[in-house]
Structure formats: structure tokens, C-alpha cells
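S.K.: Provided herewith: entry-v4.cif, mmCIF, C-alpha atoms.
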data_run
#
loop_
_atom_site.label_atom_id
_atom_site.label_comp_id
_atom_site.auth_asym_id
_atom_site.auth_seq_id
_atom_site.Cartn_x
_atom_site.Cartn_y
_atom_site.Cartn_z
CA MET V 134 -15.10 38.14 70.21
CA SER V 135 -16.27 34.81 68.82
CA ALA V 136 -17.88 32.20 71.05
CA GLN V 137 -15.57 29.93 73.02
CA LYS V 138 -14.79 26.64 71.28
CA ASN V 139 -13.85 23.41 72.98
CA ILE V 140 -11.21 21.26 71.30
CA LEU V 141 -10.13 17.71 72.14
CA LEU V 142 -6.45 17.06 71.37
CA LEU V 143 -5.56 13.36 71.32
CA GLY V 144 -1.85 12.87 71.99
CA SER V 145 0.88 14.96 73.58
CA GLY V 146 3.87 14.12 71.36
CA PHE V 147 6.30 16.76 70.23
CA VAL V 148 4.09 18.11 67.40
CA ALA V 149 1.19 18.66 69.81
CA GLU V 150 2.73 21.64 71.62
CA PRO V 151 3.06 24.05 68.65
CA CYS V 152 -0.51 23.16 67.70
CA LEU V 153 -1.73 23.78 71.26
CA GLU V 154 0.15 27.07 71.54
CA TYR V 155 -1.37 28.32 68.27
CA LEU V 156 -4.92 27.42 69.29
CA LEU V 157 -4.71 29.04 72.73
CA ARG V 158 -3.29 32.36 71.50
CA SER V 159 -6.65 33.96 70.74
CA GLY V 160 -8.09 33.25 74.16
CA ASN V 161 -11.28 31.97 72.51
CA ASN V 162 -10.47 28.26 72.69
CA ARG V 163 -10.30 25.72 75.47
CA VAL V 164 -8.27 22.60 74.74
CA THR V 165 -8.50 19.24 76.49
CA VAL V 166 -5.34 17.19 76.00
CA ALA V 167 -6.03 13.47 76.28
CA CYS V 168 -3.51 10.65 76.76
CA ARG V 169 -3.78 7.13 78.10
CA ARG V 170 -1.73 8.33 81.09
CA ALA V 171 -3.01 11.65 82.42
CA GLU V 172 0.43 12.65 83.70
CA LYS V 173 1.73 12.71 80.11
CA ALA V 174 -0.99 15.18 79.17
CA GLN V 175 -0.35 17.20 82.35
CA GLU V 176 3.31 17.71 81.36
CA LEU V 177 1.97 19.68 78.40
CA THR V 178 -1.06 21.42 79.88
CA SER V 179 0.86 22.67 82.93
CA LYS V 180 2.57 25.17 80.62
CA TYR V 181 -0.61 26.48 78.96
CA PRO V 182 -3.52 28.19 80.77
CA GLY V 183 -6.73 27.37 78.96
CA SER V 184 -5.83 23.69 78.60
CA THR V 185 -6.73 20.73 80.77
CA ALA V 186 -5.49 17.14 80.89
CA ILE V 187 -7.52 13.96 80.99
CA SER V 188 -6.84 10.23 80.84
CA LEU V 189 -8.45 8.57 77.84
CA ASP V 190 -8.03 5.12 76.33
CA VAL V 191 -9.05 5.56 72.67
CA GLU V 192 -9.67 1.81 72.42
CA ASP V 193 -12.52 2.24 74.91
CA ASP V 194 -15.22 3.17 72.40
CA ALA V 195 -17.70 4.45 74.97
CA ALA V 196 -15.14 6.72 76.62
CA LEU V 197 -13.87 7.98 73.26
CA GLU V 198 -17.39 8.70 72.01
CA ALA V 199 -18.21 10.62 75.19
CA ALA V 200 -15.05 12.73 74.97
CA VAL V 201 -15.53 13.51 71.27
CA ALA V 202 -19.19 14.43 71.81
CA ALA V 203 -18.23 16.86 74.58
CA HIS V 204 -16.08 18.99 72.26
CA ASP V 205 -16.61 20.99 69.07
CA LEU V 206 -13.67 19.39 67.24
CA THR V 207 -11.17 16.58 67.80
CA ILE V 208 -7.53 16.70 66.68
CA SER V 209 -6.04 13.22 66.40
CA LEU V 210 -2.25 13.18 66.76
CA ILE V 211 -2.13 9.55 67.86
CA PRO V 212 -0.93 6.68 65.61
CA TYR V 213 -2.69 6.71 62.24
CA THR V 214 -4.11 3.22 62.84
CA GLN V 215 -6.49 4.78 65.41
CA HIS V 216 -7.81 7.61 63.20
CA ALA V 217 -10.70 5.62 61.71
CA ARG V 218 -11.92 4.84 65.23
CA VAL V 219 -11.82 8.56 66.09
CA ILE V 220 -13.64 9.53 62.88
CA LYS V 221 -16.40 6.99 63.60
CA ALA V 222 -16.91 8.58 67.02
CA ALA V 223 -16.97 12.02 65.41
CA ILE V 224 -19.54 10.94 62.81
CA LYS V 225 -21.77 9.61 65.59
CA ALA V 226 -21.51 12.93 67.49
CA LYS V 227 -21.55 15.08 64.31
CA LYS V 228 -18.30 16.79 65.34
CA HIS V 229 -15.32 17.79 63.16
CA VAL V 230 -11.93 16.00 63.08
CA VAL V 231 -8.40 17.05 62.02
CA THR V 232 -5.37 14.76 61.52
CA THR V 233 -1.96 15.29 59.96
CA SER V 234 -1.80 11.76 58.53
CA TYR V 235 -2.32 10.37 55.04
CA ILE V 236 -5.87 9.23 54.37
CA SER V 237 -5.81 5.46 54.85
CA PRO V 238 -8.28 3.10 53.13
CA ALA V 239 -10.06 2.65 56.48
CA MET V 240 -10.49 6.42 56.78
CA GLU V 241 -11.54 6.83 53.15
CA GLU V 242 -14.34 4.30 53.66
CA LEU V 243 -15.94 6.77 56.10
CA ASP V 244 -16.18 9.62 53.57
CA ALA V 245 -19.86 9.13 52.70
CA ALA V 246 -20.86 8.81 56.37
CA ALA V 247 -18.89 11.97 57.24
CA LYS V 248 -20.65 13.88 54.47
CA GLU V 249 -24.02 12.61 55.65
CA ALA V 250 -23.17 13.77 59.19
CA GLY V 251 -22.17 17.17 57.78
CA ILE V 252 -18.70 17.11 59.34
CA VAL V 253 -15.27 18.15 58.11
CA CYS V 254 -12.60 15.42 58.52
CA MET V 255 -9.46 17.28 57.45
CA ASN V 256 -6.31 15.18 56.98
CA GLU V 257 -2.79 15.50 55.52
CA ILE V 258 -2.25 18.95 57.00
CA GLY V 259 1.21 18.82 58.56
CA LEU V 260 4.48 19.18 56.64
CA ASP V 261 4.74 16.02 54.53
CA PRO V 262 1.91 15.49 53.93
CA GLY V 263 0.54 19.01 54.23
CA ILE V 264 2.66 22.01 53.38
CA ASP V 265 4.05 20.02 50.46
CA HIS V 266 0.54 19.77 48.96
CA LEU V 267 -0.16 23.49 49.37
CA TYR V 268 2.90 24.82 47.57
CA ALA V 269 2.86 22.12 44.89
CA LEU V 270 -0.78 22.70 43.98
CA LYS V 271 -0.31 26.47 43.98
CA ILE V 272 2.22 26.27 41.14
CA ILE V 273 0.43 23.44 39.32
CA ASN V 274 -2.82 25.41 39.24
CA GLU V 275 -1.02 28.58 38.15
CA VAL V 276 0.58 26.73 35.21
CA HIS V 277 -2.75 25.20 34.21
CA ALA V 278 -4.51 28.59 34.44
CA GLU V 279 -1.93 29.99 32.00
CA GLY V 280 -2.56 27.14 29.54
CA GLY V 281 0.67 25.26 30.34
CA LYS V 282 1.48 21.63 31.21
CA ILE V 283 3.61 20.08 33.94
CA LYS V 284 6.05 17.75 32.15
CA SER V 285 8.02 16.75 35.24
CA PHE V 286 7.37 17.01 38.97
CA GLU V 287 9.96 16.16 41.63
CA SER V 288 9.36 16.81 45.32
CA PHE V 289 11.87 16.03 48.06
CA CYS V 290 11.53 16.77 51.77
CA GLY V 291 13.95 16.26 54.64
CA GLY V 292 13.78 16.69 58.39
CA LEU V 293 17.44 17.00 59.34
CA PRO V 294 19.82 18.44 61.92
CA ALA V 295 20.90 21.98 61.09
CA PRO V 296 24.40 21.81 59.52
CA GLU V 297 26.21 22.64 62.76
CA ALA V 298 24.29 19.84 64.56
CA SER V 299 24.90 17.18 61.89
CA ASN V 300 28.01 16.12 63.79
CA ASN V 301 27.85 12.35 63.61
CA PRO V 302 28.67 9.79 60.90
CA LEU V 303 25.05 9.46 59.75
CA GLY V 304 24.45 13.21 59.63
CA TYR V 305 21.13 12.58 61.34
CA LYS V 306 19.52 12.99 64.77
CA PHE V 307 16.33 11.83 66.43
CA SER V 308 13.64 13.78 68.21
CA TRP V 309 11.84 10.64 69.28
CA SER V 310 12.09 6.89 68.61
CA ALA V 311 14.58 5.77 65.97
CA ARG V 312 12.38 2.81 65.04
CA GLY V 313 10.20 4.60 62.49
CA VAL V 314 13.21 6.05 60.70
CA LEU V 315 14.89 2.65 60.43
CA LEU V 316 11.72 0.83 59.36
CA ALA V 317 11.26 3.38 56.56
CA LEU V 318 14.50 2.02 55.08
CA ARG V 319 12.58 -1.19 54.29
CA ASN V 320 9.87 0.55 52.26
CA ASN V 321 9.52 -0.07 48.55
CA ALA V 322 9.44 2.98 46.25
CA ARG V 323 7.34 3.46 43.12
CA TYR V 324 7.34 6.51 40.84
CA TRP V 325 7.38 7.71 37.25
CA GLN V 326 10.73 8.58 35.66
CA ASP V 327 10.97 9.71 32.01
CA GLY V 328 7.68 8.03 31.15
CA LYS V 329 8.57 4.70 32.79
CA LEU V 330 7.15 3.29 36.00
CA VAL V 331 10.08 2.63 38.35
CA GLU V 332 9.70 0.13 41.18
CA ILE V 333 12.44 -0.24 43.79
CA GLU V 334 12.46 -2.91 46.47
CA GLY V 335 13.21 -1.81 50.01
CA LYS V 336 16.51 -3.70 50.04
CA ASP V 337 17.69 -1.53 47.12
CA LEU V 338 16.21 1.79 48.28
CA MET V 339 19.48 3.26 49.56
CA ASP V 340 21.23 2.35 46.30
CA SER V 341 18.76 4.55 44.42
CA ALA V 342 19.75 7.75 46.27
CA ARG V 343 21.01 10.58 44.06
CA PRO V 344 22.22 14.15 44.64
CA ILE V 345 19.52 16.80 45.10
CA PHE V 346 20.77 20.28 44.30
CA ILE V 347 18.99 23.11 46.14
CA TYR V 348 21.60 25.48 47.59
CA PRO V 349 25.39 25.07 47.27
CA ALA V 350 25.68 25.07 51.07
CA PHE V 351 23.87 21.72 51.38
CA ALA V 352 25.21 18.29 50.36
CA LEU V 353 21.86 16.54 50.02
CA VAL V 354 20.75 13.26 48.48
CA GLY V 355 17.25 11.94 47.89
CA TYR V 356 15.43 8.66 47.33
CA GLY V 357 11.81 7.74 46.61
CA ASN V 358 9.26 7.75 49.42
CA ARG V 359 6.85 4.82 49.01
CA ASP V 360 4.35 4.98 46.13
CA SER V 361 4.17 8.40 44.47
CA SER V 362 3.04 7.08 41.09
CA HIS V 363 -0.60 8.02 41.75
CA TYR V 364 0.25 11.70 42.22
CA ARG V 365 -0.09 12.22 38.47
CA GLN V 366 -3.80 11.71 39.05
CA ARG V 367 -4.00 13.22 42.51
CA TYR V 368 -2.30 16.47 41.45
CA ASN V 369 -3.96 16.45 37.99
CA ILE V 370 -0.66 16.43 36.09
CA PRO V 371 -1.30 13.67 33.49
CA HIS V 372 1.42 14.97 31.15
CA ALA V 373 4.17 14.55 33.76
CA GLU V 374 6.64 11.99 32.42
CA THR V 375 8.46 12.18 35.76
CA CYS V 376 6.50 12.23 39.02
CA VAL V 377 8.38 11.45 42.20
CA ARG V 378 8.07 12.37 45.86
CA GLY V 379 11.01 11.51 48.04
CA THR V 380 13.03 11.87 51.22
CA MET V 381 16.23 13.90 51.64
CA ARG V 382 19.22 13.11 53.81
CA TYR V 383 22.77 14.45 53.98
CA GLN V 384 25.39 12.96 51.70
CA GLY V 385 26.79 9.68 53.07
CA PHE V 386 23.62 8.62 54.91
CA PRO V 387 22.42 6.10 52.29
CA GLU V 388 25.74 4.25 52.10
CA PHE V 389 26.01 4.02 55.89
CA ALA V 390 22.36 2.98 56.23
CA LYS V 391 22.78 0.36 53.48
CA THR V 392 25.68 -1.15 55.40
CA LEU V 393 23.45 -1.54 58.48
CA VAL V 394 20.79 -3.10 56.22
CA ASN V 395 23.35 -5.50 54.72
CA MET V 396 24.46 -6.50 58.21
CA GLY V 397 20.88 -7.52 59.02
CA PHE V 398 20.01 -4.83 61.56
CA LEU V 399 16.50 -4.25 60.19
CA ASP V 400 15.46 -7.71 61.42
CA ASP V 401 12.68 -7.17 63.98
CA THR V 402 12.20 -10.88 64.78
CA PRO V 403 12.01 -11.35 68.59
CA ARG V 404 15.03 -13.25 69.92
CA SER V 405 15.28 -14.73 73.39
CA GLU V 406 18.93 -13.79 73.83
CA LEU V 407 18.07 -10.13 73.14
CA SER V 408 15.03 -9.97 75.42
CA ALA V 409 15.07 -7.90 78.58
CA ALA V 410 14.47 -11.12 80.53
CA ALA V 411 17.70 -12.72 79.28
CA ALA V 412 20.22 -13.18 82.07
CA GLY V 413 23.50 -11.30 82.26
CA ASP V 414 25.03 -8.34 80.48
CA LEU V 415 25.34 -8.35 76.71
CA PRO V 416 28.32 -6.47 75.25
CA TRP V 417 27.85 -5.02 71.80
CA ASN V 418 30.57 -7.10 70.16
CA ARG V 419 28.59 -10.25 71.07
CA VAL V 420 25.42 -8.84 69.49
CA THR V 421 27.27 -8.07 66.25
CA GLN V 422 29.06 -11.42 66.32
CA GLN V 423 25.71 -13.25 66.58
CA LEU V 424 24.15 -11.10 63.87
CA LEU V 425 26.97 -11.70 61.40
CA GLY V 426 27.44 -15.38 62.33
CA GLN V 427 31.14 -14.86 63.00
CA ALA V 428 33.36 -17.26 64.91
CA SER V 429 35.36 -14.42 66.44
CA ALA V 430 34.08 -11.49 68.53
CA THR V 431 37.22 -9.37 68.42
CA PRO V 432 36.66 -5.82 67.14
CA GLU V 433 39.26 -6.36 64.41
CA ASP V 434 37.59 -9.48 63.03
CA LEU V 435 34.13 -7.95 63.25
CA LEU V 436 35.28 -4.80 61.42
CA ALA V 437 36.75 -6.97 58.67
CA ALA V 438 33.43 -8.80 58.33
CA ILE V 439 31.53 -5.50 58.28
CA GLU V 440 33.84 -4.06 55.64
CA ALA V 441 32.77 -6.90 53.34
CA LYS V 442 29.16 -5.70 53.75
CA ILE V 443 29.93 -2.17 52.46
CA ASP V 444 28.64 -1.78 48.91
CA THR V 445 30.22 1.51 47.88
CA GLN V 446 33.66 1.35 46.29
CA ASP V 447 34.40 5.02 47.05
CA PRO V 448 37.46 4.81 49.33
CA GLU V 449 36.57 7.94 51.31
CA LEU V 450 33.03 6.76 51.92
CA ARG V 451 34.29 3.33 52.97
CA LYS V 452 36.60 5.00 55.53
CA ARG V 453 33.71 7.14 56.75
CA ILE V 454 31.48 4.10 57.24
CA ILE V 455 34.14 2.16 59.17
CA HIS V 456 34.77 5.26 61.30
CA GLY V 457 31.01 5.42 61.91
CA ILE V 458 30.81 1.77 62.94
CA LYS V 459 33.59 2.36 65.48
CA TRP V 460 31.81 5.50 66.69
CA LEU V 461 28.59 3.52 67.22
CA GLY V 462 30.54 1.11 69.43
CA ILE V 463 28.81 -1.94 67.99
CA THR V 464 32.06 -3.93 67.79
CA SER V 465 33.20 -3.00 71.29
CA PRO V 466 33.42 -5.51 74.17
CA SER V 467 33.07 -2.67 76.69
CA VAL V 468 29.86 -1.05 75.42
CA PRO V 469 26.77 -2.78 76.86
CA ALA V 470 23.79 -3.33 74.57
CA VAL V 471 20.30 -2.47 75.77
CA LYS V 472 18.24 -5.63 75.37
CA ARG V 473 14.99 -4.73 73.60
CA GLY V 474 14.10 -8.05 71.97
CA SER V 475 15.30 -7.83 68.36
CA TYR V 476 18.34 -6.72 66.38
CA LEU V 477 16.37 -3.73 65.08
CA ASP V 478 15.32 -2.58 68.53
CA VAL V 479 18.73 -3.14 70.11
CA LEU V 480 20.22 -0.92 67.38
CA CYS V 481 17.46 1.67 67.95
CA ALA V 482 18.41 1.85 71.61
CA ARG V 483 22.05 2.51 70.71
CA LEU V 484 21.19 5.17 68.14
CA GLU V 485 18.93 6.88 70.66
CA GLU V 486 21.77 6.91 73.19
CA LEU V 487 24.12 8.63 70.76
CA MET V 488 22.01 10.59 68.29
CA MET V 489 19.31 12.53 70.09
CA TYR V 490 19.25 16.31 69.81
CA GLY V 491 21.31 17.96 72.53
CA GLU V 492 20.51 21.10 74.50
CA GLY V 493 20.43 24.15 72.23
CA GLU V 494 20.81 22.15 69.00
CA ARG V 495 18.65 23.12 66.04
CA ASP V 496 16.87 20.94 63.57
CA MET V 497 15.98 21.96 60.02
CA ILE V 498 13.33 21.13 57.47
CA ILE V 499 13.93 21.60 53.77
CA LEU V 500 11.36 20.97 51.06
CA GLN V 501 11.87 21.47 47.33
CA HIS V 502 9.35 21.14 44.52
CA LYS V 503 10.83 21.20 41.03
CA PHE V 504 8.64 21.50 37.94
CA GLU V 505 9.53 21.25 34.29
CA VAL V 506 6.88 23.34 32.52
CA GLU V 507 5.75 23.45 28.92
CA ASN V 508 4.08 26.81 28.40
CA LYS V 509 1.10 27.55 26.18
CA ASP V 510 3.38 28.95 23.46
CA GLY V 511 5.53 25.77 23.43
CA SER V 512 8.44 27.28 25.38
CA HIS V 513 9.86 25.50 28.42
CA ASN V 514 11.12 26.60 31.81
CA THR V 515 11.90 25.21 35.26
CA ARG V 516 10.06 26.40 38.35
CA THR V 517 11.14 25.65 41.90
CA SER V 518 9.59 26.18 45.31
CA VAL V 519 11.80 25.85 48.41
CA THR V 520 10.74 25.90 52.05
CA LEU V 521 13.64 26.07 54.50
CA MET V 522 13.14 26.49 58.22
CA TYR V 523 15.32 26.09 61.30
CA GLY V 524 14.25 25.13 64.79
CA GLU V 525 14.58 27.55 67.69
CA PRO V 526 17.36 26.61 70.15
CA ASP V 527 15.56 25.38 73.27
CA GLY V 528 12.24 26.27 71.58
CA PHE V 529 10.04 24.56 69.02
CA GLN V 530 11.78 22.31 66.55
CA ALA V 531 11.20 23.13 62.89
CA MET V 532 9.66 19.70 62.31
CA ALA V 533 7.28 20.08 65.25
CA LYS V 534 6.26 23.58 64.15
CA THR V 535 5.74 22.76 60.48
CA VAL V 536 3.49 19.83 61.43
CA GLY V 537 1.70 21.32 64.45
CA VAL V 538 1.03 24.87 63.23
CA PRO V 539 -0.67 23.98 59.89
CA CYS V 540 -2.80 21.55 61.89
CA GLY V 541 -3.71 24.35 64.28
CA ILE V 542 -4.49 26.74 61.42
CA ALA V 543 -6.80 24.23 59.73
CA THR V 544 -8.52 23.57 63.05
CA GLN V 545 -9.19 27.26 63.64
CA LEU V 546 -10.47 27.80 60.11
CA ILE V 547 -12.94 24.93 60.54
CA LEU V 548 -14.12 26.29 63.89
CA ASP V 549 -14.52 29.76 62.36
CA GLY V 550 -16.65 28.35 59.54
CA LYS V 551 -14.09 29.25 56.86
CA LEU V 552 -13.37 25.65 55.83
CA THR V 553 -16.67 23.92 55.24
CA THR V 554 -16.02 21.09 52.74
CA THR V 555 -17.50 18.00 54.37
CA GLY V 556 -16.25 14.44 54.17
CA VAL V 557 -12.84 12.82 54.66
CA ILE V 558 -10.69 15.37 52.85
CA ALA V 559 -7.13 16.57 52.21
CA PRO V 560 -6.04 20.07 51.12
CA MET V 561 -6.30 19.38 47.39
CA THR V 562 -8.47 22.25 46.13
CA PRO V 563 -7.97 26.04 46.32
CA GLU V 564 -10.96 26.66 48.58
CA ILE V 565 -9.30 24.37 51.14
CA TYR V 566 -5.58 25.08 50.74
CA GLN V 567 -5.58 28.81 50.00
CA PRO V 568 -6.95 30.00 53.39
CA ILE V 569 -4.37 27.83 55.16
CA MET V 570 -1.52 29.01 52.92
CA ASP V 571 -2.48 32.65 53.49
CA LEU V 572 -1.82 32.30 57.23
CA LEU V 573 1.51 30.41 57.09
CA PRO V 574 3.86 33.38 56.43
CA SER V 575 2.80 35.09 59.67
CA GLU V 576 4.04 31.95 61.44
CA GLY V 577 7.43 32.11 59.69
CA ILE V 578 6.54 29.37 57.20
CA ASN V 579 6.77 30.19 53.51
CA ALA V 580 8.19 29.09 50.16
CA VAL V 581 10.69 30.87 47.94
CA GLU V 582 9.76 30.43 44.30
CA GLU V 583 12.04 30.80 41.29
CA THR V 584 11.60 30.43 37.55
CA VAL V 585 14.62 29.62 35.39
#
Kindly return the structure encoded in the file as C-alpha cells.
M.R.:
Amino acid sequence: MSAQKNILLLGSGFVAEPCLEYLLRSGNNRVTVACRRAEKAQELTSKYPGSTAISLDVEDDAALEAAVAAHDLTISLIPYTQHARVIKAAIKAKKHVVTTSYISPAMEELDAAAKEAGIVCMNEIGLDPGIDHLYALKIINEVHAEGGKIKSFESFCGGLPAPEASNNPLGYKFSWSARGVLLALRNNARYWQDGKLVEIEGKDLMDSARPIFIYPAFALVGYGNRDSSHYRQRYNIPHAETCVRGTMRYQGFPEFAKTLVNMGFLDDTPRSELSAAAAGDLPWNRVTQQLLGQASATPEDLLAAIEAKIDTQDPELRKRIIHGIKWLGITSPSVPAVKRGSYLDVLCARLEELMMYGEGERDMIILQHKFEVENKDGSHNTRTSVTLMYGEPDGFQAMAKTVGVPCGIATQLILDGKLTTTGVIAPMTPEIYQPIMDLLPSEGINAVEETV
């Protein structure tokens, strides 16, 4: 039996539990779960012998440094803006760090210091980013080893309700705050398409959605996810005329979301009339009336104003969107709005009331890589890699598991001395990604590959 290792886990959100469960299985690890409020950590540790809860304010540098120094490795599952602070503490203590987040410029600046300290700072090891890197690079490196070239690379990932749980007009449900999902609708997208650099402003992102064909059972659409133009360099595929990484949703989501955008619901400007301190109840029809600048607050007049904001001319989709607006209750005089300070946050509160996962409902993750390959002999073919996983009713969600378990695997491999590349790193080379990928199938996570 290997020596006991002590791990500090920052955060107790829904991806923390699958990670914690994985790390405690062997009986060789002890995990300290740290949150600002100890009771939040205790909710998690009470279910897992071998774990303890502490209160820790990561903005208290002295307290953070002491906690990091007292453990062999720190896993940071708190907001990405805090990771650089955690890595600095780890460098000082010469202790390893794991995160599931993209490497930010602030984190990248610490690479040389991490190498000098001899520590592994592993990042981007969840689902997206994470599992997507592993299966993409596997095929890319196989093609290169055979003397071929990647001429096109398209990667789309979606965290969605399982089909039977997609029973609302948006075809989407939330596991936690709706705010991040809505704010992502404002992001610009940048990618290569047929040798041209495509740039899409956030206001036009939903208009760029197109069908993504994986299995006939799924009506999926996809749109670009931020800036994927640099992945030609990052994945070493310089011949790729198309290089895009994107998000998948069910058919109809972009048109409905674009209507909410056109109405102005992504405005996060604080407004006194929407603040919790504002006197009196606020029915939803008044919120929508104010937002649209309408003279009338009757549901009929508001629906007519909303209909003018719908871009699609498809009559069935227009009916579906109007049905969805009625379902949301945002034109109703009898549905009270939760005052959270801005139009964005008031809408988030309503979506969270109606669109959280219910008891026994499953989520689903689906990830497809699609490669157009030019082989050494000049012939061409298409290769695909698909990861599809469903959550367990009343167990771990697929999204939580596919983020938390790879994080746990990487952590264990570092502690066992099997991942030793120092610095601020991501799983971009075989010596890093292959050991992780080898352990995923035993956790029910794999990819189905096909060559056409």
C-alpha cells in the first residue's frame, strides 16, 4: 500500500463530489474540503469517511498558504479568477495543483516559477476543456504518425438534458445558476472556416447556429465557442482549413435564446426598480413592459411586441417561441418576479424556478470530434470520435462526472509520480494525456471512433 496522501479540495460545487469519491476509493488518501462557509463543505464531507471540512477564505493569503502547505496537492474547483492566487501559494510551498479550467494569462505567467519550484500545475482536465483534448489529440497524433494531414477539424460539445428530460421550450435545464449560461450568449466567436478567419459578434452568435449531425435520434445544433482560431497551432494542425470548437444545444434553442437577446434580457445593468430593496411586489408583465418600453402591460400587447422581436421566419418555430414565452410567464400579471437587481438576473431567477433538473431526471453530455483527413497516399477520409454519457437518476450527473473524475484521475497520477511534467500545463502531449485516457473507460467514459 502506498503512503497516505493529503489533498486539499477547494470548493464543494457539484463537480467536487465525483472527484472526491474517486480519490477516496483507494483508502490511501485523506481529503480536506475547504469552503468559505464550513457548513457547505460539511454537507459534502458528511457522506465520505476520510474527508474533513474546513472554513477557508482564499482571499486571505496567509490562511491559503498555510492550508496549501499542509497538503501534498491542492485541487482548485473555485472560480478561475482565483486559480493564480492558489498557484502562487503552491509555488511557495512547492506543492502540486490541479484545476479543470483553461489556462488564463495570469496562470501562464507563473509557468517559469512553477518549473523552478518543481511542481506540476495541471489544468484543463475536465470535460471541455479536458476529455475533448484527449480524444482529439489521440486521432491527430495517429494521423500524423501515418504521414497524413488534418484538413478540417470540428469539435462540438453539449451538456444537455437527456431527451426525456428536455421537456421545456428551450430544451435545456440547469444544474446550478443560469447566469453563466446566459452570459455565454454574449460571447464573440472566432474560428477558421474553409481557409477564412470567421469572426462573429455576440449579438449574432445565435444566428450562426447550424445543424450538427451525430446520431439520427438527436436534433442538435451548434455554434462557435469563443476563440478557437489558435487551435491550429495548439493542436499542431497547420493544414486545417477549418478549425472550430463549439457548443451544442437542441434544435430551437438558438431562435428562442435570440428572441430573449433581442428583447434586452442580457442587460446586467443594476436598476433600482429591480433591486431587492425596491418596495412592493413586481409582477412579470410590468418587468417586460419596462424592458420593451411599451405603453401597455396587457399580455396580448406584450406578446405582439415580443413577436416583432423574433428573427426566424419559420412559422412553426415562431409558434414554438411564443408558446415558450407564455410558458415562462413573463407577460403574466399574476406571476411575481424575483427582484435580483438587473433584467438579466431577474430572468435568471425565473429560469431557475422553472428549469432546474427534477428528481430522477437525467442529464447527458455529448461530444463529437470530426476530422477530414488527407492520407499519405493522397486519399481522403472522415474520422469521427463521439463521447455520449447519461447521468445516473438520483446519482452523479454526467456533466459532474465527466469534469470531476478526469480531475481525480490526474490528481492520483500526480500523487503516484506517474505525471511528472512540471510547470503550468494542460494535457497536450502523449506522456500527459495517455495515462489519463487509459483510466477513463473503467469509469464508464470513452469515445466511439469511426472512419468513413
S.K.: Using the chain letters and numbering of this document, enumerate as a PyMOL selection string the residues selected by the PyMOL selection byres ((chain V and resi 174) around 9).
M.R.: chain V and resi 144-145+165-173+175-179+185-188
S.K.: Restricting the calculation to all atoms listed in the file: of V:Lys442, V:Arg378, V:Lys391, V:Lys180, which residue gets closest to Leu315 (chain V)?
M.R.: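 Counting all atoms listed in the file, the residue closest to Leu315 (chain V) is V:Lys391.
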S.K.: Per residue of region 384-403 of chain V within 12 Å of region 451-463 of chain V, record the nearest atom pair and its distance in Å to one decimal, counting all atoms listed in the file, with rows in chain order and ascending residue number, as CSV.
M.R.:
residue,atom,partner,partner_atom,distance
V:Gln384,CA,V:Arg453,CA,11.3
V:Gly385,CA,V:Arg453,CA,8.2
V:Phe386,CA,V:Ile454,CA,9.4
V:Pro387,CA,V:Ile454,CA,10.5
V:Glu388,CA,V:Ile454,CA,7.7
V:Phe389,CA,V:Ile454,CA,5.6
V:Ala390,CA,V:Ile454,CA,9.2
V:Lys391,CA,V:Ile454,CA,10.2
V:Thr392,CA,V:Ile454,CA,8.0
V:Leu393,CA,V:Ile458,CA,9.2
V:Met396,CA,V:Ile458,CA,11.4
V:Phe398,CA,V:Ile463,CA,11.3
S.K.: Which of these, V:Thr431, V:Ser285, V:Asn162, V:Ser234, has the shortest distance to Tyr364 (chain V) once you count only C-alpha atoms?
M.R.: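 Selected residue with least distance to Tyr364 (chain V): V:Ser285.
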S.K.: Which residues are close to Met522 (chain V), i.e. within 9 Å by only C-alpha atoms, leaving aside same-chain residues fewer than 6 positions away? Reply as a list in words.
M.R.: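 In the requested form, the answer reads Asp496, Met497, Ile498, Ile499, Ala531, Met532, Thr535, Gly577, Ile578 and Asn579 of chain V.
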S.K.: Mind checking which residues fall within 10 Å of region 244-248 of chain V, counting all atoms listed in the file, ignoring those fewer than 6 positions away in the same chain, and posting them as a list in words?
M.R.: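 Using all atoms listed in the file, the neighbours found are Ile220, Lys221, Ala223, Ile224, Lys225, Lys227, Lys228, His229, Val230, Cys254, Thr554, Thr555, Gly556, Val557 and Ile558 of chain V.
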S.K.: What is the distance between CA of Leu573 (chain V) and CA of Ser518 (chain V), in Å to one decimal?
M.R.: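 One can read the CA of Leu573 (chain V) to CA of Ser518 (chain V) distance as 14.9 Å.
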S.K.: Taking (2.3, 21.9, 62.3) in the file's own coordinates, collect the residues within 8 Å, counting all atoms listed in the file, and hand them back as a list of chain:residue names.
M.R.: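 With a cut-off of 8 Å, the residues come to V:Val148, V:Pro151, V:Cys152, V:Ile258, V:Gly259, V:Leu260, V:Met532, V:Ala533, V:Lys534, V:Thr535, V:Val536, V:Gly537, V:Val538, V:Pro539, V:Cys540, V:Gly541.
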S.K.: Can you pull out every residue within 12 Å of region 399-403 of chain V, counting all atoms listed in the file, but drop anything in the same chain fewer than 2 positions away, and send it as a PyMOL selection string?
M.R.: chain V and resi 311-320+335-336+390-397+405-409+424+472-481
S.K.: Write a file of the just-selected residues containing C-alpha atoms, as a compact mmCIF listing (two decimals), keeping the file's coordinate frame.
M.R.:
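Writing the result to again.txt gives the following:
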# COMPACT_ATOMS: atom_id res chain seq x y z
CA ALA V 311 14.58 5.77 65.97
CA ARG V 312 12.38 2.81 65.04
CA GLY V 313 10.20 4.60 62.49
CA VAL V 314 13.21 6.05 60.70
CA LEU V 315 14.89 2.65 60.43
CA LEU V 316 11.72 0.83 59.36
CA ALA V 317 11.26 3.38 56.56
CA LEU V 318 14.50 2.02 55.08
CA ARG V 319 12.58 -1.19 54.29
CA ASN V 320 9.87 0.55 52.26
CA GLY V 335 13.21 -1.81 50.01
CA LYS V 336 16.51 -3.70 50.04
CA ALA V 390 22.36 2.98 56.23
CA LYS V 391 22.78 0.36 53.48
CA THR V 392 25.68 -1.15 55.40
CA LEU V 393 23.45 -1.54 58.48
CA VAL V 394 20.79 -3.10 56.22
CA ASN V 395 23.35 -5.50 54.72
CA MET V 396 24.46 -6.50 58.21
CA GLY V 397 20.88 -7.52 59.02
CA SER V 405 15.28 -14.73 73.39
CA GLU V 406 18.93 -13.79 73.83
CA LEU V 407 18.07 -10.13 73.14
CA SER V 408 15.03 -9.97 75.42
CA ALA V 409 15.07 -7.90 78.58
CA LEU V 424 24.15 -11.10 63.87
CA LYS V 472 18.24 -5.63 75.37
CA ARG V 473 14.99 -4.73 73.60
CA GLY V 474 14.10 -8.05 71.97
CA SER V 475 15.30 -7.83 68.36
CA TYR V 476 18.34 -6.72 66.38
CA LEU V 477 16.37 -3.73 65.08
CA ASP V 478 15.32 -2.58 68.53
CA VAL V 479 18.73 -3.14 70.11
CA LEU V 480 20.22 -0.92 67.38
CA CYS V 481 17.46 1.67 67.95
S.K.: Counting all atoms listed in the file, figure out which residue out of V:Gly355, V:Gly146, V:Pro182, V:Pro294 gets nearest to Met489 (chain V).
M.R.: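 Checking each candidate against Met489 (chain V), we get V:Pro294 as the closest.
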